[in-house]
>>> print(open('structure_23.cif').read())   # mmCIF, C-alpha atoms and all ligand atoms
data_query
#
loop_
_atom_site.label_atom_id
_atom_site.label_comp_id
_atom_site.auth_asym_id
_atom_site.auth_seq_id
_atom_site.Cartn_x
_atom_site.Cartn_y
_atom_site.Cartn_z
CA MET A 8 0.00 0.00 0.00
CA ALA A 9 1.30 3.39 -0.95
CA VAL A 10 1.67 5.84 1.93
CA VAL A 11 0.42 9.40 1.71
CA ARG A 12 2.86 12.26 2.23
CA ARG A 13 1.17 15.16 3.97
CA ASN A 14 1.77 18.82 4.80
CA ILE A 15 3.62 18.93 8.14
CA ILE A 16 1.93 22.20 9.14
CA THR A 17 -1.59 20.75 9.15
CA ASN A 18 -0.83 17.21 10.35
CA PRO A 19 0.52 17.23 13.92
CA ALA A 20 0.45 13.42 14.25
CA VAL A 21 2.70 13.00 11.22
CA ARG A 22 4.91 15.82 12.45
CA ASP A 23 5.39 14.14 15.82
CA ALA A 24 6.06 10.76 14.21
CA PHE A 25 8.68 12.32 11.93
CA ILE A 26 10.42 13.94 14.91
CA GLU A 27 10.31 10.73 16.94
CA GLY A 28 11.59 8.65 14.03
CA VAL A 29 14.48 11.05 13.37
CA LEU A 30 15.48 10.96 17.04
CA ARG A 31 15.41 7.14 16.99
CA LEU A 32 17.57 6.95 13.86
CA LYS A 33 19.90 9.48 15.48
CA ARG A 34 20.26 7.15 18.49
CA GLU A 35 20.54 3.91 16.55
CA ASP A 36 24.07 2.49 16.14
CA SER A 37 24.54 1.47 12.52
CA THR A 38 27.31 -0.92 13.79
CA LEU A 39 29.78 0.74 11.40
CA LYS A 40 32.56 3.05 12.52
CA THR A 41 33.77 6.31 10.99
CA THR A 42 36.96 4.58 9.81
CA ALA A 43 34.87 2.39 7.48
CA PHE A 44 34.12 5.54 5.47
CA GLY A 45 37.65 6.95 5.44
CA ILE A 46 36.72 9.68 7.93
CA PRO A 47 39.86 10.79 9.83
CA GLY A 48 40.20 10.44 13.59
CA PRO A 49 39.48 7.67 16.08
CA PRO A 50 36.95 4.99 15.08
CA THR A 51 33.63 6.36 16.28
CA PRO A 52 30.26 4.59 15.98
CA VAL A 53 28.13 6.03 13.17
CA ARG A 54 24.42 6.43 13.88
CA THR A 55 21.95 5.31 11.21
CA TYR A 56 20.75 8.90 10.64
CA ASP A 57 24.32 9.98 9.93
CA LEU A 58 24.69 7.29 7.23
CA PHE A 59 22.40 9.49 5.14
CA VAL A 60 24.75 12.45 5.66
CA ILE A 61 27.64 10.28 4.41
CA TRP A 62 25.54 9.06 1.47
CA HIS A 63 24.69 12.59 0.35
CA TYR A 64 28.31 13.66 0.76
CA LYS A 65 29.68 10.70 -1.20
CA ALA A 66 27.20 11.21 -4.05
CA MET A 67 28.13 14.88 -4.16
CA MET A 68 31.82 13.95 -4.30
CA THR A 69 31.33 11.57 -7.22
CA PRO A 70 32.20 13.51 -10.39
CA VAL A 71 30.30 12.94 -13.66
CA PRO A 72 32.10 12.13 -15.91
CA PRO A 73 34.39 10.12 -13.60
CA ASN A 74 37.45 12.16 -14.59
CA GLY A 75 35.49 15.41 -14.32
CA ASP A 76 34.93 17.91 -11.55
CA THR A 77 32.29 17.60 -8.83
CA ASP A 78 31.90 21.37 -9.04
CA ILE A 79 30.66 21.01 -12.60
CA ARG A 80 28.40 17.96 -12.29
CA ASN A 81 28.18 15.18 -9.70
CA ALA A 82 26.19 12.01 -9.13
CA ALA A 83 23.36 13.77 -7.29
CA HIS A 84 23.45 17.47 -8.24
CA ARG A 85 24.04 19.98 -11.03
CA GLY A 86 22.48 17.72 -13.64
CA PRO A 87 19.39 15.69 -14.58
CA VAL A 88 19.77 13.03 -11.85
CA PHE A 89 19.20 15.65 -9.14
CA LEU A 90 15.47 14.86 -8.82
CA PRO A 91 15.64 11.01 -9.16
CA TRP A 92 18.56 10.66 -6.76
CA HIS A 93 16.94 12.74 -4.02
CA ARG A 94 13.61 10.97 -4.57
CA PHE A 95 15.25 7.63 -3.90
CA MET A 96 17.16 8.97 -0.90
CA LEU A 97 13.87 10.20 0.60
CA SER A 98 12.18 6.86 -0.05
CA LEU A 99 14.93 4.96 1.75
CA LEU A 100 14.80 7.35 4.70
CA GLU A 101 11.02 6.94 4.75
CA ALA A 102 11.46 3.15 4.87
CA HIS A 103 13.92 3.50 7.77
CA LEU A 104 11.47 5.76 9.61
CA GLN A 105 8.72 3.20 9.04
CA ARG A 106 11.01 0.54 10.51
CA VAL A 107 12.01 2.41 13.68
CA LEU A 108 8.45 3.66 14.20
CA GLY A 109 6.99 0.19 13.59
CA ASP A 110 4.52 1.86 11.25
CA PRO A 111 4.55 0.83 7.57
CA GLY A 112 1.86 3.46 6.98
CA PHE A 113 4.13 6.38 7.89
CA GLY A 114 4.54 8.87 5.06
CA LEU A 115 7.29 11.50 5.09
CA PRO A 116 5.75 14.95 5.59
CA TYR A 117 6.63 17.92 3.40
CA TRP A 118 7.13 21.60 4.14
CA ASP A 119 5.62 23.94 1.55
CA TRP A 120 8.19 26.72 1.91
CA SER A 121 6.55 28.79 -0.82
CA ILE A 122 3.70 29.64 1.58
CA ASP A 123 6.18 30.93 4.19
CA GLY A 124 8.11 32.67 1.42
CA SER A 125 5.04 34.77 0.77
CA LEU A 126 5.00 36.00 4.40
CA PRO A 127 6.66 39.30 5.32
CA ALA A 128 8.75 37.53 8.00
CA PRO A 129 9.24 33.82 7.19
CA GLU A 130 11.37 33.33 10.32
CA THR A 131 8.17 33.68 12.37
CA ALA A 132 6.40 30.84 10.50
CA LEU A 133 5.00 27.82 12.37
CA ILE A 134 7.64 25.44 11.02
CA TRP A 135 10.27 27.11 13.26
CA LYS A 136 8.23 26.94 16.46
CA PRO A 137 9.33 24.60 19.26
CA ASP A 138 6.54 22.09 18.50
CA PHE A 139 7.86 21.85 14.96
CA MET A 140 11.55 22.11 13.97
CA GLY A 141 12.69 24.74 16.47
CA GLY A 142 14.27 28.02 15.44
CA GLN A 143 17.65 29.33 14.38
CA GLY A 144 20.87 29.65 16.35
CA ASP A 145 24.34 28.31 16.89
CA PRO A 146 23.37 25.98 18.34
CA VAL A 147 19.64 25.66 17.76
CA SER A 148 18.36 25.94 21.32
CA ASP A 149 14.66 25.14 21.17
CA GLY A 150 12.46 22.46 19.68
CA PRO A 151 13.08 18.72 19.32
CA PHE A 152 16.62 19.10 17.92
CA ALA A 153 17.90 21.60 20.49
CA PHE A 154 21.45 21.04 21.73
CA ASN A 155 21.74 19.64 25.23
CA PRO A 156 25.43 19.31 26.21
CA ALA A 157 24.44 17.04 29.12
CA ASP A 158 22.68 14.46 26.93
CA PRO A 159 25.07 12.37 24.81
CA ASN A 160 22.08 10.70 23.17
CA GLY A 161 20.36 13.95 22.25
CA PHE A 162 20.42 15.47 18.80
CA ARG A 163 23.98 16.32 17.81
CA VAL A 164 25.84 16.96 14.62
CA ARG A 165 28.61 14.35 14.54
CA LEU A 166 29.82 14.59 10.94
CA ASP A 167 30.08 17.67 8.76
CA SER A 168 31.94 18.91 5.72
CA GLY A 169 34.18 21.97 5.88
CA PRO A 170 35.60 24.56 3.50
CA ASN A 171 37.87 21.99 1.86
CA VAL A 172 34.79 19.75 1.36
CA ASN A 173 36.35 17.14 3.63
CA LEU A 174 34.01 14.98 5.71
CA ARG A 175 35.10 15.09 9.34
CA GLN A 176 34.05 14.28 12.86
CA THR A 177 32.56 16.91 15.11
CA ASP A 178 30.34 16.98 18.19
CA ARG A 179 28.13 20.03 18.43
CA GLY A 180 24.59 21.30 18.18
CA LEU A 181 22.68 21.94 14.97
CA ARG A 182 23.14 25.35 13.34
CA ARG A 183 20.68 27.52 11.45
CA ALA A 184 21.18 31.14 10.35
CA PHE A 185 18.04 32.38 8.64
CA ALA A 186 18.45 34.75 5.70
CA SER A 187 22.23 34.32 5.84
CA GLY A 188 22.64 33.28 2.21
CA SER A 189 19.43 34.60 0.68
CA PRO A 190 17.25 37.44 1.95
CA THR A 191 14.01 35.59 1.25
CA LEU A 192 12.50 32.15 0.69
CA PRO A 193 11.00 31.37 -2.71
CA ASN A 194 7.32 32.32 -2.80
CA ALA A 195 4.19 31.09 -4.56
CA LEU A 196 4.89 33.32 -7.58
CA ASP A 197 8.34 31.75 -7.99
CA VAL A 198 6.80 28.27 -7.94
CA GLY A 199 4.07 29.33 -10.36
CA ALA A 200 6.66 30.70 -12.75
CA ALA A 201 8.44 27.32 -12.81
CA PHE A 202 5.24 25.80 -14.24
CA ASN A 203 4.57 28.62 -16.71
CA THR A 204 5.23 27.31 -20.21
CA LEU A 205 3.67 30.27 -22.05
CA PRO A 206 5.81 31.95 -24.70
CA ALA A 207 8.17 34.70 -23.54
CA PRO A 208 7.85 37.22 -22.02
CA PHE A 209 5.02 35.60 -20.03
CA GLY A 210 6.69 32.27 -19.41
CA ASP A 211 9.23 29.82 -20.78
CA PRO A 212 8.17 26.98 -23.12
CA ASP A 213 11.41 25.11 -22.31
CA LEU A 214 9.96 24.38 -18.87
CA ALA A 215 7.74 21.74 -20.53
CA THR A 216 10.91 19.70 -21.12
CA TYR A 217 12.66 18.00 -18.22
CA ASP A 218 16.23 18.93 -19.14
CA PHE A 219 18.43 19.88 -22.08
CA ALA A 220 21.95 19.24 -23.36
CA PRO A 221 24.63 19.95 -22.25
CA TRP A 222 22.99 18.61 -19.06
CA LEU A 223 24.75 21.06 -16.77
CA ALA A 224 23.66 22.88 -13.63
CA ASN A 225 22.15 25.80 -15.53
CA SER A 226 20.84 24.05 -18.67
CA ARG A 227 17.42 25.01 -20.01
CA GLY A 228 14.35 23.12 -18.79
CA PHE A 229 12.45 22.26 -15.63
CA ARG A 230 15.15 20.40 -13.65
CA SER A 231 17.62 23.29 -13.48
CA ARG A 232 14.77 25.68 -12.65
CA LEU A 233 13.65 23.53 -9.73
CA GLU A 234 17.21 22.76 -8.60
CA GLY A 235 17.67 26.52 -8.60
CA PHE A 236 20.50 27.25 -11.03
CA THR A 237 18.18 29.11 -13.40
CA GLY A 238 15.30 31.40 -12.56
CA THR A 239 14.74 32.64 -9.03
CA GLY A 240 16.47 29.89 -7.05
CA LEU A 241 13.81 27.48 -5.64
CA HIS A 242 15.63 24.44 -4.11
CA ASN A 243 19.01 26.17 -3.76
CA GLN A 244 17.45 29.29 -2.31
CA VAL A 245 15.79 27.34 0.51
CA HIS A 246 19.15 25.83 1.51
CA ARG A 247 20.72 29.29 1.47
CA TRP A 248 17.92 30.97 3.40
CA ILE A 249 18.03 28.40 6.24
CA GLY A 250 21.83 28.51 6.28
CA GLY A 251 23.96 26.91 8.99
CA ASP A 252 24.05 23.14 8.52
CA MET A 253 21.82 23.42 5.43
CA ALA A 254 24.67 25.16 3.56
CA PRO A 255 27.46 22.55 3.13
CA ALA A 256 27.53 19.13 1.45
CA SER A 257 26.51 17.63 4.82
CA SER A 258 23.11 19.37 4.66
CA PRO A 259 21.06 16.24 5.55
CA ASN A 260 22.30 16.94 9.10
CA ASP A 261 19.28 19.21 9.50
CA PRO A 262 16.04 17.17 9.54
CA VAL A 263 14.44 20.08 7.69
CA PHE A 264 16.45 18.84 4.68
CA TYR A 265 13.93 16.00 4.27
CA LEU A 266 10.85 18.20 4.66
CA HIS A 267 12.34 20.58 2.09
CA HIS A 268 13.23 17.86 -0.37
CA ALA A 269 9.82 16.18 0.02
CA ASN A 270 8.37 19.48 -1.19
CA VAL A 271 10.84 19.66 -4.08
CA ASP A 272 9.80 16.11 -4.96
CA ARG A 273 6.14 17.09 -4.76
CA LEU A 274 6.76 19.90 -7.25
CA TRP A 275 8.44 17.40 -9.59
CA GLU A 276 5.36 15.17 -9.25
CA GLY A 277 3.25 18.19 -10.20
CA TRP A 278 5.40 18.71 -13.30
CA MET A 279 5.00 15.04 -14.30
CA ASN A 280 1.23 15.32 -13.88
CA ARG A 281 1.34 18.06 -16.52
CA HIS A 282 3.96 16.75 -18.91
CA GLY A 283 4.08 13.00 -18.36
CA ARG A 284 6.47 10.72 -16.52
CA THR A 285 9.29 11.53 -18.88
CA TYR A 286 13.00 11.92 -18.24
CA LEU A 287 16.09 12.95 -20.17
CA PRO A 288 18.83 12.10 -21.12
CA SER A 289 18.24 8.72 -22.71
CA MET A 290 20.85 5.97 -22.98
CA ALA A 291 21.73 7.27 -26.45
CA GLU A 292 23.72 10.06 -24.79
CA SER A 293 27.46 9.81 -24.19
CA ALA A 294 28.82 7.61 -21.40
CA ASP A 295 30.34 10.84 -20.08
CA LEU A 296 26.92 11.27 -18.48
CA LEU A 297 27.18 7.94 -16.65
CA GLY A 298 24.92 8.20 -13.61
CA HIS A 299 22.54 10.73 -15.19
CA ARG A 300 21.08 8.72 -18.09
CA ILE A 301 17.67 7.10 -17.65
CA ASP A 302 18.88 3.53 -17.03
CA ASP A 303 22.13 4.30 -15.21
CA PRO A 304 22.30 3.06 -11.60
CA LEU A 305 21.96 5.77 -8.98
CA ILE A 306 24.56 6.00 -6.23
CA SER A 307 22.48 3.74 -3.99
CA PRO A 308 22.60 0.42 -2.16
CA LEU A 309 20.10 -1.02 -4.65
CA GLY A 310 22.65 -1.01 -7.46
CA ALA A 311 21.01 -1.53 -10.84
CA GLY A 312 17.65 -1.78 -9.03
CA ALA A 313 17.48 2.00 -8.62
CA THR A 314 17.80 4.15 -11.74
CA PRO A 315 16.13 7.40 -12.82
CA ARG A 316 13.56 5.25 -14.65
CA THR A 317 12.59 3.35 -11.48
CA THR A 318 11.86 6.65 -9.73
CA LEU A 319 9.54 8.12 -12.37
CA ASP A 320 6.40 6.36 -11.21
CA ASN A 321 6.57 5.69 -7.47
CA THR A 322 2.82 5.80 -6.91
CA ALA A 323 3.06 2.26 -5.50
CA LEU A 324 5.33 3.66 -2.78
CA PHE A 325 3.84 7.07 -1.97
CA THR A 326 1.46 9.76 -3.13
CA TYR A 327 1.00 13.36 -1.97
CA ASP A 328 -2.16 14.67 -0.34
CA VAL A 329 -1.99 17.69 -2.65
CA VAL A 330 0.03 17.98 -5.83
CA PRO A 331 0.39 21.51 -7.18
CA MET B 27 10.16 -0.56 -6.98
CA THR B 28 7.77 -1.94 -4.36
CA PRO B 29 7.35 -1.10 -0.66
CA GLU B 30 8.58 -4.64 0.11
CA GLU B 31 11.81 -4.18 -1.86
CA LEU B 32 12.45 -0.90 -0.15
CA ALA B 33 11.65 -2.24 3.33
CA ALA B 34 14.07 -5.13 2.71
CA ALA B 35 16.84 -2.62 1.98
CA ALA B 36 16.02 -0.44 4.99
CA ASP B 37 18.45 -1.81 7.52
CA PRO B 38 21.53 0.10 8.68
CA ALA B 39 24.05 -2.49 7.51
CA THR B 40 22.78 -2.48 3.91
CA LEU B 41 23.34 1.25 3.52
CA GLY B 42 26.45 1.32 5.71
CA ASN B 43 28.25 -1.52 3.94
CA TYR B 44 27.38 -0.08 0.55
CA LEU B 45 28.75 3.34 1.49
CA SER B 46 31.92 1.96 3.02
CA ALA B 47 32.66 0.11 -0.24
CA LEU B 48 32.39 3.26 -2.36
CA PRO B 49 35.69 4.66 -3.62
CA GLU B 50 37.33 7.39 -1.58
CA PRO B 51 36.28 10.80 -2.87
CA PRO B 52 39.05 12.72 -4.62
CA HIS B 53 40.64 15.11 -2.15
CA HIS B 54 41.36 18.67 -3.10
CA HIS B 55 45.01 19.54 -2.70
CA GLY B 56 45.60 23.21 -3.18
CA PRO B 57 43.81 25.57 -5.51
CA LEU B 58 41.86 24.44 -8.56
CA THR B 59 42.41 25.91 -12.00
CA SER B 60 39.44 26.85 -14.20
CA VAL B 61 39.92 27.08 -17.95
CA ARG B 62 37.53 29.13 -20.08
CA HIS B 63 37.48 29.16 -23.86
CA ASP B 64 35.82 31.70 -26.14
CA VAL B 65 35.93 32.65 -29.80
CA PHE B 66 35.56 36.33 -30.74
CA GLN B 67 36.03 37.84 -34.23
CA GLY B 68 37.87 34.73 -35.26
CA HIS B 69 40.24 34.85 -32.30
CA HIS B 70 40.48 32.00 -29.83
CA ILE B 71 40.53 33.16 -26.23
CA MET B 72 41.73 30.96 -23.37
CA ILE B 73 41.54 32.10 -19.75
CA ARG B 74 43.11 30.07 -16.97
CA THR B 75 42.06 31.16 -13.49
CA THR B 76 43.63 29.95 -10.27
CA TYR B 77 42.65 31.62 -7.02
CA GLU B 78 45.41 31.87 -4.48
CA VAL B 79 43.70 32.82 -1.25
CA THR B 80 44.93 33.38 2.27
CA VAL B 81 42.81 34.22 5.29
CA ASP B 82 44.74 35.82 8.16
CA GLY B 83 47.88 34.75 6.32
CA ALA B 84 46.91 31.07 6.21
CA PRO B 85 46.41 29.49 2.79
CA LEU B 86 42.82 28.52 2.05
CA ASN B 87 42.44 25.32 0.08
CA ALA B 88 38.72 25.55 -0.54
CA PRO B 89 37.96 24.61 -4.15
CA LEU B 90 36.97 27.69 -6.14
CA VAL B 91 35.99 27.56 -9.79
CA VAL B 92 34.78 30.26 -12.14
CA SER B 93 32.22 29.42 -14.81
CA ASP B 94 31.96 30.82 -18.33
CA ASP B 95 29.57 33.55 -17.20
CA GLY B 96 32.05 34.71 -14.56
CA GLN B 97 30.18 33.36 -11.54
CA VAL B 98 32.31 31.80 -8.83
CA HIS B 99 31.32 28.50 -7.27
CA SER B 100 32.74 26.57 -4.35
CA HIS B 101 31.69 23.00 -3.73
CA ALA B 102 31.98 23.73 -0.01
CA LEU B 103 28.70 25.68 -0.40
CA PRO B 104 27.03 23.73 -3.19
CA THR B 105 23.80 25.73 -3.44
CA TYR B 106 25.55 29.10 -3.76
CA GLU B 107 26.69 31.00 -6.86
CA PHE B 108 28.84 34.06 -6.23
CA LEU B 109 29.51 37.20 -8.23
CA SER B 110 33.10 37.43 -7.02
CA ALA B 111 35.78 35.48 -5.20
CA THR B 112 35.64 37.99 -2.34
CA GLU B 113 31.99 37.24 -1.82
CA THR B 114 32.79 33.52 -1.86
CA ILE B 115 35.47 33.78 0.82
CA ARG B 116 33.21 35.91 3.00
CA ALA B 117 30.52 33.25 2.77
CA LEU B 118 33.01 30.51 3.66
CA ILE B 119 34.12 32.47 6.74
CA GLY B 120 30.51 33.08 7.75
CA ASN B 121 29.39 29.51 7.22
CA PHE B 122 32.37 27.68 8.76
CA PRO B 123 33.00 29.51 12.04
CA ASP B 124 35.11 26.67 13.50
CA ASP B 125 37.54 26.87 10.59
CA PHE B 126 38.20 30.59 10.93
CA PRO B 127 38.85 31.18 14.64
CA GLY B 128 39.48 34.68 15.92
CA GLY B 129 38.27 37.69 14.03
CA VAL B 130 35.35 39.82 15.08
CA ARG B 131 32.10 37.97 15.10
CA PRO B 132 28.85 39.76 15.89
CA ALA B 133 27.82 37.22 18.49
CA ASP B 134 24.32 38.30 19.30
CA ASP B 135 23.01 38.88 15.81
CA VAL B 136 23.11 35.63 13.95
CA HIS B 137 22.10 37.43 10.75
CA ASP B 138 25.25 39.51 10.66
CA ARG B 139 27.53 36.53 10.80
CA ASN B 140 27.30 35.53 7.21
CA LEU B 141 27.15 37.22 3.86
CA PRO B 142 27.24 40.99 4.37
CA HIS B 143 25.66 41.66 0.99
CA HIS B 144 22.86 39.18 1.35
CA VAL B 145 21.96 39.43 4.97
CA HIS B 146 19.50 42.15 5.47
CA ARG B 147 15.88 42.06 4.43
CA THR B 148 15.76 45.82 4.88
CA GLY B 149 18.32 48.48 5.65
CA ASP B 150 20.87 50.46 3.79
CA GLU B 151 23.34 47.85 2.61
CA GLY B 152 21.13 46.72 -0.22
CA GLY B 153 21.55 43.59 -2.32
CA SER B 154 24.28 42.66 -4.73
CU CU C 401 21.35 17.26 -2.22
#
>>> encode(input="structure_23.cif", output="structure tokens", more="lines below")
Ligand SMILES: [Cu+2]
Amino acid sequence: MAVVRRNIITNPAVRDAFIEGVLRLKREDSTLKTTAFGIPGPPTPVRTYDLFVIWHYKAMMTPVPPNGDTDIRNAAHRGPVFLPWHRFMLSLLEAHLQRVLGDPGFGLPYWDWSIDGSLPAPETALIWKPDFMGGQGDPVSDGPFAFNPADPNGFRVRLDSGPNVNLRQTDRGLRRAFASGSPTLPNALDVGAAFNTLPAPFGDPDLATYDFAPWLANSRGFRSRLEGFTGTGLHNQVHRWIGGDMAPASSPNDPVFYLHHANVDRLWEGWMNRHGRTYLPSMAESADLLGHRIDDPLISPLGAGATPRTTLDNTALFTYDVVP
Amino acid sequence: MTPEELAAAADPATLGNYLSALPEPPHHHGPLTSVRHDVFQGHHIMIRTTYEVTVDGAPLNAPLVVSDDGQVHSHALPTYEFLSATETIRALIGNFPDDFPGGVRPADDVHDRNLPHHVHRTGDEGGS
């Protein structure tokens, strides 16, 4: 049975289950140590939640093509696979949350940031209240992920990536710095514009196509618009507005990452409802795009079982309560 | 993909063992060099850019690349695009406080800690 992903603002039971599940994954020992991942320092147990931080980091540090530069295109970002890879990552986290909650009916909630982006002061929105995700700070000091130095099992950031993009051990509270990298969140007009395929100057007909050669961060089409390298910013802008731990390659450290990406995924679903469950590039494209073509394996534990194609129709796994 | 397939993969060891078997990511040693090519009036232009940056006298090895349109990008802040290298370094200092000890940090206004040109919703600094 497919689960339903719901708006976290209007579904307190799902909100509380998400928080509880995250805290359980944050406490759970994955049985692997930091040394297994080449992380410098003493061998330290890695919690299951932090495996997802490592996964995101490793995908981001996988260049495409293999002899290329991760700054240009990598196995999860700055190219067509951005949406499929994050969709699969979310699905696996959702399955882990279902496991630790003992609830196969749990659906990952989403945060519709475009509603808050239309407010004059998004930092006062419900999502940042103590019953929800807590607010900003270094460390975040209220809500379910507040730093408590006296509680070794509380929510802590244990792995992060620094200015040299090296993954390293740390032991500190979560950080958020609202408006640090962008003065505003994307709003409803920005989202509407991403779906506007009218001829210029009213819209952009290219947005009816998923992606275009040369398949780079800022190529024409819907993917780069939603990722945020063209147009007003969308996905990227949300990371920059939240700031703190949402800024580096270790951004899944902030549980808000998943609420944000569930909303990005919901917007992709809305695009597919309009234009079909289509994806580009096909396998006819150069092997230089290995990892981004429709039948290439994602960087995932499922190997060839998870490709962009296998993520296009996931209605057997999950649906959204509302698709824009 | 079915819920059963996904549930079967949802144990810590499956993800952990997979990730530990992935190749080591390439490590950045020293500054990166960006190469831009252009053709204008039949002339071939090639621009090699290497940023040599120090902060408080210490070399900064953060990877900085410049794209064809002149925007600067650092993989340390993957969702940012910068108009200049100066802006990039300021953002690195603001976002990685542990890596840039000392300095003058406005402690009680978290907004002021990061990008000076992007911080304020209102006020006289304006955008960039
Ligand atoms: Cu990502």
>>> residues_near_ligand(input="structure_23.cif", ligand="ligand CU 401 (chain C)", cutoff="12 Å", atoms="all atoms listed in the file", output="ChimeraX atom specification")
/A:59-68,81-86,88-97,234-235,242-243,245-246,253-260,264-265,267-269,271-272 /B:101,103-105
>>> write_last_selection(input="structure_23.cif", atoms="C-alpha atoms", output="compact mmCIF listing (two decimals), keeping the file's coordinate frame")
# COMPACT_ATOMS: atom_id res chain seq x y z
CA PHE A 59 22.40 9.49 5.14
CA VAL A 60 24.75 12.45 5.66
CA ILE A 61 27.64 10.28 4.41
CA TRP A 62 25.54 9.06 1.47
CA HIS A 63 24.69 12.59 0.35
CA TYR A 64 28.31 13.66 0.76
CA LYS A 65 29.68 10.70 -1.20
CA ALA A 66 27.20 11.21 -4.05
CA MET A 67 28.13 14.88 -4.16
CA MET A 68 31.82 13.95 -4.30
CA ASN A 81 28.18 15.18 -9.70
CA ALA A 82 26.19 12.01 -9.13
CA ALA A 83 23.36 13.77 -7.29
CA HIS A 84 23.45 17.47 -8.24
CA ARG A 85 24.04 19.98 -11.03
CA GLY A 86 22.48 17.72 -13.64
CA VAL A 88 19.77 13.03 -11.85
CA PHE A 89 19.20 15.65 -9.14
CA LEU A 90 15.47 14.86 -8.82
CA PRO A 91 15.64 11.01 -9.16
CA TRP A 92 18.56 10.66 -6.76
CA HIS A 93 16.94 12.74 -4.02
CA ARG A 94 13.61 10.97 -4.57
CA PHE A 95 15.25 7.63 -3.90
CA MET A 96 17.16 8.97 -0.90
CA LEU A 97 13.87 10.20 0.60
CA GLU A 234 17.21 22.76 -8.60
CA GLY A 235 17.67 26.52 -8.60
CA HIS A 242 15.63 24.44 -4.11
CA ASN A 243 19.01 26.17 -3.76
CA VAL A 245 15.79 27.34 0.51
CA HIS A 246 19.15 25.83 1.51
CA MET A 253 21.82 23.42 5.43
CA ALA A 254 24.67 25.16 3.56
CA PRO A 255 27.46 22.55 3.13
CA ALA A 256 27.53 19.13 1.45
CA SER A 257 26.51 17.63 4.82
CA SER A 258 23.11 19.37 4.66
CA PRO A 259 21.06 16.24 5.55
CA ASN A 260 22.30 16.94 9.10
CA PHE A 264 16.45 18.84 4.68
CA TYR A 265 13.93 16.00 4.27
CA HIS A 267 12.34 20.58 2.09
CA HIS A 268 13.23 17.86 -0.37
CA ALA A 269 9.82 16.18 0.02
CA VAL A 271 10.84 19.66 -4.08
CA ASP A 272 9.80 16.11 -4.96
CA HIS B 101 31.69 23.00 -3.73
CA LEU B 103 28.70 25.68 -0.40
CA PRO B 104 27.03 23.73 -3.19
CA THR B 105 23.80 25.73 -3.44
>>> residues_around(input="structure_23.cif", residues="Pro89 in chain B", least_positions_apart="5", cutoff="7 Å", atoms="only C-alpha atoms", output="list in words")
Asn171 of chain A; His54, Pro57, Leu58, Ser100 and His101 of chain B
>>> closest_residue(input="structure_23.cif", among="A:Ile306, A:Ala43, A:Leu233, A:Val330", to="chain B", atoms="only C-alpha atoms")
A:Ala43
>>> closest_residue(input="structure_23.cif", among="A:Val147, A:Ile79, A:Ala200, A:Ile249", to="Ser60 in chain B", atoms="only C-alpha atoms")
A:Ile79
>>> residues_around(input="structure_23.cif", residues="Leu108 in chain A", least_positions_apart="4", cutoff="10 Å", atoms="all atoms listed in the file", output="ChimeraX atom specification")
/A:24-25,27-29,31-32,102-104,112-113
>>> write_last_selection(input="structure_23.cif", atoms="C-alpha atoms", output="compact mmCIF listing (two decimals), in the coordinates of the input")
# COMPACT_ATOMS: atom_id res chain seq x y z
CA ALA A 24 6.06 10.76 14.21
CA PHE A 25 8.68 12.32 11.93
CA GLU A 27 10.31 10.73 16.94
CA GLY A 28 11.59 8.65 14.03
CA VAL A 29 14.48 11.05 13.37
CA ARG A 31 15.41 7.14 16.99
CA LEU A 32 17.57 6.95 13.86
CA ALA A 102 11.46 3.15 4.87
CA HIS A 103 13.92 3.50 7.77
CA LEU A 104 11.47 5.76 9.61
CA GLY A 112 1.86 3.46 6.98
CA PHE A 113 4.13 6.38 7.89
>>> closest_residue(input="structure_23.cif", among="A:Met8, A:Leu30, A:Leu58, A:Ala323", to="Thr40 in chain B", atoms="all atoms listed in the file")
A:Leu58
>>> residues_around(input="structure_23.cif", residues="range 280-297 of chain A", least_positions_apart="3", cutoff="10 Å", atoms="all atoms listed in the file", output="JSON, numbers by chain")
{"A": [70, 71, 72, 73, 74, 75, 80, 81, 82, 86, 87, 88, 91, 202, 214, 215, 216, 217, 218, 219, 220, 221, 222, 230, 274, 275, 276, 277, 300, 301, 302, 303, 304, 305, 315, 316, 318, 319, 320, 330, 331]}
>>> atom_distance(input="structure_23.cif", atom1="CA of Lys40 in chain A", atom2="CA of Pro156 in chain A")
22.4 Å
